[in-house]
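Q: Sharing a structure below in structure tokens format, with a few things to ask.
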Amino acid sequence: MGDTQTITFVEDLFEKHPNCFNGWSYDYAQLIIKESLKELKYEGNINKVVFTKYACSAIDESNINTEVCYIETEQLGFFYLMRDGVDHINAVYNRWD
């Protein structure tokens, strides 16, 4: 896996999750990251990735669509998760140095 990479998903792929189109719960963020790791062709066991930090905040508190999440993993690095205002999720992966 490279230094910094971005993965984009159509959020409809996750329509069975209660947070699809609605906020960033901890388990929804983990689901998106695990799917991102598959796209990045992560060679380790995705189910053994340890999530250590999780924080979400709206950049504009009056607009939930501006919510961005920061999630750290013990092994790989950290991710930013955000929606693009239409129906896409963007996951940005950054490796630990």
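Ligands are numbered from 1 in the order shown, chains are lettered A, B, ... in the order of the structure tokens, and residues start at 1 in each chain.
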Enumerate, in order of chain and increasing residue number, the residues of segment 6-30 of chain A with an atom no farther than 12 Å from segment 67-71 of chain A, each with its shortest atom pair and distance in Å to one decimal, counting only C-alpha atoms, as CSV.

A:
```
residue,atom,partner,partner_atom,distance
A:Phe21,CA,A:Glu67,CA,11.5
A:Asn22,CA,A:Glu67,CA,10.3
A:Gly23,CA,A:Glu67,CA,7.6
A:Trp24,CA,A:Cys69,CA,7.3
A:Ser25,CA,A:Cys69,CA,9.6
A:Tyr26,CA,A:Ile71,CA,9.1
A:Asp27,CA,A:Ile71,CA,11.3
A:Tyr28,CA,A:Cys69,CA,10.9
A:Ala29,CA,A:Cys69,CA,7.9
A:Gln30,CA,A:Ile71,CA,8.5
```

Q: At a cut-off of 10 Å, using only C-alpha atoms, what residues contact Asn94 of chain A? Leave out same-chain residues fewer than 4 positions from it and give the result as a list in words.

A: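 The residues that qualify are Met1, Gly2, Asp3, Thr4, Gln5, Thr6, Glu72, Leu76, Gly77, Phe78, Phe79 and Tyr80 of chain A.
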
Q: Please identify the strand (DSSP E) residues within segment 6-79 of chain A (assignment by DSSP from backbone atoms) and present them as an mmCIF file with N, CA and C atoms, in the first residue's frame.

A:
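Heads up, here's the output in out_31.cif:
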```cif
data_model
loop_
_atom_site.group_PDB
_atom_site.id
_atom_site.type_symbol
_atom_site.label_atom_id
_atom_site.label_comp_id
_atom_site.auth_asym_id
_atom_site.auth_seq_id
_atom_site.Cartn_x
_atom_site.Cartn_y
_atom_site.Cartn_z
ATOM 1 N N THR A 6 -6.642 7.563 -2.008
ATOM 2 C CA THR A 6 -8.053 7.874 -1.832
ATOM 3 C C THR A 6 -8.898 6.818 -2.529
ATOM 4 N N ILE A 7 -9.914 6.366 -1.820
ATOM 5 C CA ILE A 7 -10.844 5.391 -2.354
ATOM 6 C C ILE A 7 -12.219 6.035 -2.321
ATOM 7 N N THR A 8 -12.974 5.901 -3.403
ATOM 8 C CA THR A 8 -14.316 6.467 -3.468
ATOM 9 C C THR A 8 -15.325 5.342 -3.671
ATOM 10 N N PHE A 9 -16.373 5.373 -2.868
ATOM 11 C CA PHE A 9 -17.461 4.402 -2.968
ATOM 12 C C PHE A 9 -18.772 5.126 -3.233
ATOM 13 N N VAL A 10 -19.667 4.488 -3.952
ATOM 14 C CA VAL A 10 -21.046 4.946 -4.030
ATOM 15 C C VAL A 10 -21.701 4.457 -2.743
ATOM 16 N N PHE A 51 -8.522 -0.774 15.594
ATOM 17 C CA PHE A 51 -8.860 0.643 15.496
ATOM 18 C C PHE A 51 -8.619 1.278 16.859
ATOM 19 N N THR A 52 -7.808 2.346 16.890
ATOM 20 C CA THR A 52 -7.400 2.909 18.170
ATOM 21 C C THR A 52 -8.006 4.269 18.483
ATOM 22 N N LYS A 53 -8.276 5.075 17.482
ATOM 23 C CA LYS A 53 -8.855 6.399 17.706
ATOM 24 C C LYS A 53 -9.977 6.623 16.713
ATOM 25 N N TYR A 54 -11.003 7.308 17.177
ATOM 26 C CA TYR A 54 -12.158 7.606 16.328
ATOM 27 C C TYR A 54 -12.701 8.963 16.752
ATOM 28 N N ALA A 55 -12.783 9.886 15.807
ATOM 29 C CA ALA A 55 -13.347 11.204 16.098
ATOM 30 C C ALA A 55 -14.054 11.721 14.857
ATOM 31 N N CYS A 56 -15.247 12.246 15.046
ATOM 32 C CA CYS A 56 -16.010 12.833 13.937
ATOM 33 C C CYS A 56 -16.497 14.212 14.352
ATOM 34 N N SER A 57 -16.525 15.106 13.383
ATOM 35 C CA SER A 57 -17.000 16.450 13.656
ATOM 36 C C SER A 57 -17.461 17.097 12.359
ATOM 37 N N ALA A 58 -18.520 17.879 12.459
ATOM 38 C CA ALA A 58 -18.983 18.645 11.302
ATOM 39 C C ALA A 58 -18.157 19.922 11.207
ATOM 40 N N GLU A 67 -19.694 16.618 7.933
ATOM 41 C CA GLU A 67 -19.036 15.805 8.944
ATOM 42 C C GLU A 67 -17.882 14.999 8.350
ATOM 43 N N VAL A 68 -16.755 15.042 9.021
ATOM 44 C CA VAL A 68 -15.543 14.329 8.623
ATOM 45 C C VAL A 68 -15.105 13.471 9.807
ATOM 46 N N CYS A 69 -14.636 12.258 9.509
ATOM 47 C CA CYS A 69 -14.150 11.378 10.571
ATOM 48 C C CYS A 69 -12.658 11.138 10.417
ATOM 49 N N TYR A 70 -12.021 10.996 11.560
ATOM 50 C CA TYR A 70 -10.607 10.644 11.641
ATOM 51 C C TYR A 70 -10.537 9.348 12.423
ATOM 52 N N ILE A 71 -9.927 8.317 11.825
ATOM 53 C CA ILE A 71 -9.827 7.012 12.457
ATOM 54 C C ILE A 71 -8.398 6.521 12.353
ATOM 55 N N GLU A 72 -7.820 6.121 13.485
ATOM 56 C CA GLU A 72 -6.470 5.561 13.486
ATOM 57 C C GLU A 72 -6.547 4.048 13.609
ATOM 58 N N THR A 73 -5.569 3.393 12.999
ATOM 59 C CA THR A 73 -5.402 1.960 13.193
ATOM 60 C C THR A 73 -4.040 1.732 13.832
ATOM 61 N N GLY A 77 -2.031 2.854 9.703
ATOM 62 C CA GLY A 77 -1.994 4.301 9.553
ATOM 63 C C GLY A 77 -3.335 4.871 9.964
ATOM 64 N N PHE A 78 -3.745 5.963 9.311
ATOM 65 C CA PHE A 78 -5.001 6.601 9.688
ATOM 66 C C PHE A 78 -5.801 6.955 8.447
ATOM 67 N N PHE A 79 -7.089 7.164 8.665
ATOM 68 C CA PHE A 79 -8.037 7.432 7.582
ATOM 69 C C PHE A 79 -8.856 8.668 7.900
#
```

Q: Here is a test: counting only C-alpha atoms, which residue of A:Ser36, A:Asn65, A:Gln75, A:Met82 is nearest to Val50 of chain A?

A: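 Closest residue, counting only C-alpha atoms: A:Gln75.
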
Q: How many Å separate atom CA of Glu35 of chain A from atom CA of Glu61 of chain A?

A: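 One can read the atom CA of Glu35 of chain A to atom CA of Glu61 of chain A distance as 27.9 Å.
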
Q: DSSP on the backbone, then: every residue of segment 10-92 of chain A marked alpha helix (DSSP H), written as a PyMOL selection string.

A: chain A and resi 26-39

Q: Using only N, CA and C atoms, please write the residues we just selected to a file, as a compact mmCIF listing (two decimals), in the first residue's frame.

A:
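Writing done, so here's result22.txt:
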```txt
# COMPACT_ATOMS: atom_id res chain seq x y z
N TYR A 26 -19.30 4.49 14.80
CA TYR A 26 -18.01 3.81 14.87
C TYR A 26 -17.99 2.56 13.99
N ASP A 27 -19.05 1.76 14.04
CA ASP A 27 -19.06 0.53 13.24
C ASP A 27 -19.22 0.82 11.75
N TYR A 28 -19.91 1.91 11.40
CA TYR A 28 -20.03 2.26 9.98
C TYR A 28 -18.66 2.72 9.44
N ALA A 29 -17.95 3.49 10.23
CA ALA A 29 -16.61 3.93 9.83
C ALA A 29 -15.68 2.72 9.65
N GLN A 30 -15.76 1.76 10.56
CA GLN A 30 -14.95 0.55 10.43
C GLN A 30 -15.30 -0.23 9.16
N LEU A 31 -16.58 -0.33 8.86
CA LEU A 31 -17.00 -1.02 7.64
C LEU A 31 -16.40 -0.36 6.40
N ILE A 32 -16.46 0.96 6.34
CA ILE A 32 -15.91 1.69 5.18
C ILE A 32 -14.40 1.47 5.09
N ILE A 33 -13.72 1.50 6.21
CA ILE A 33 -12.26 1.30 6.20
C ILE A 33 -11.91 -0.12 5.77
N LYS A 34 -12.64 -1.09 6.26
CA LYS A 34 -12.37 -2.48 5.85
C LYS A 34 -12.59 -2.67 4.36
N GLU A 35 -13.63 -2.05 3.82
CA GLU A 35 -13.87 -2.12 2.37
C GLU A 35 -12.77 -1.38 1.62
N SER A 36 -12.28 -0.29 2.19
CA SER A 36 -11.17 0.46 1.58
C SER A 36 -9.92 -0.40 1.52
N LEU A 37 -9.65 -1.14 2.60
CA LEU A 37 -8.47 -2.00 2.63
C LEU A 37 -8.56 -3.09 1.57
N LYS A 38 -9.74 -3.59 1.31
CA LYS A 38 -9.92 -4.57 0.23
C LYS A 38 -9.56 -3.94 -1.11
N GLU A 39 -10.04 -2.72 -1.32
CA GLU A 39 -9.75 -2.00 -2.58
C GLU A 39 -8.25 -1.72 -2.73
```

Q: Atom CA of Ile89 of chain A and atom CA of Glu43 of chain A, how far apart in Å?

A: 22.9 Å
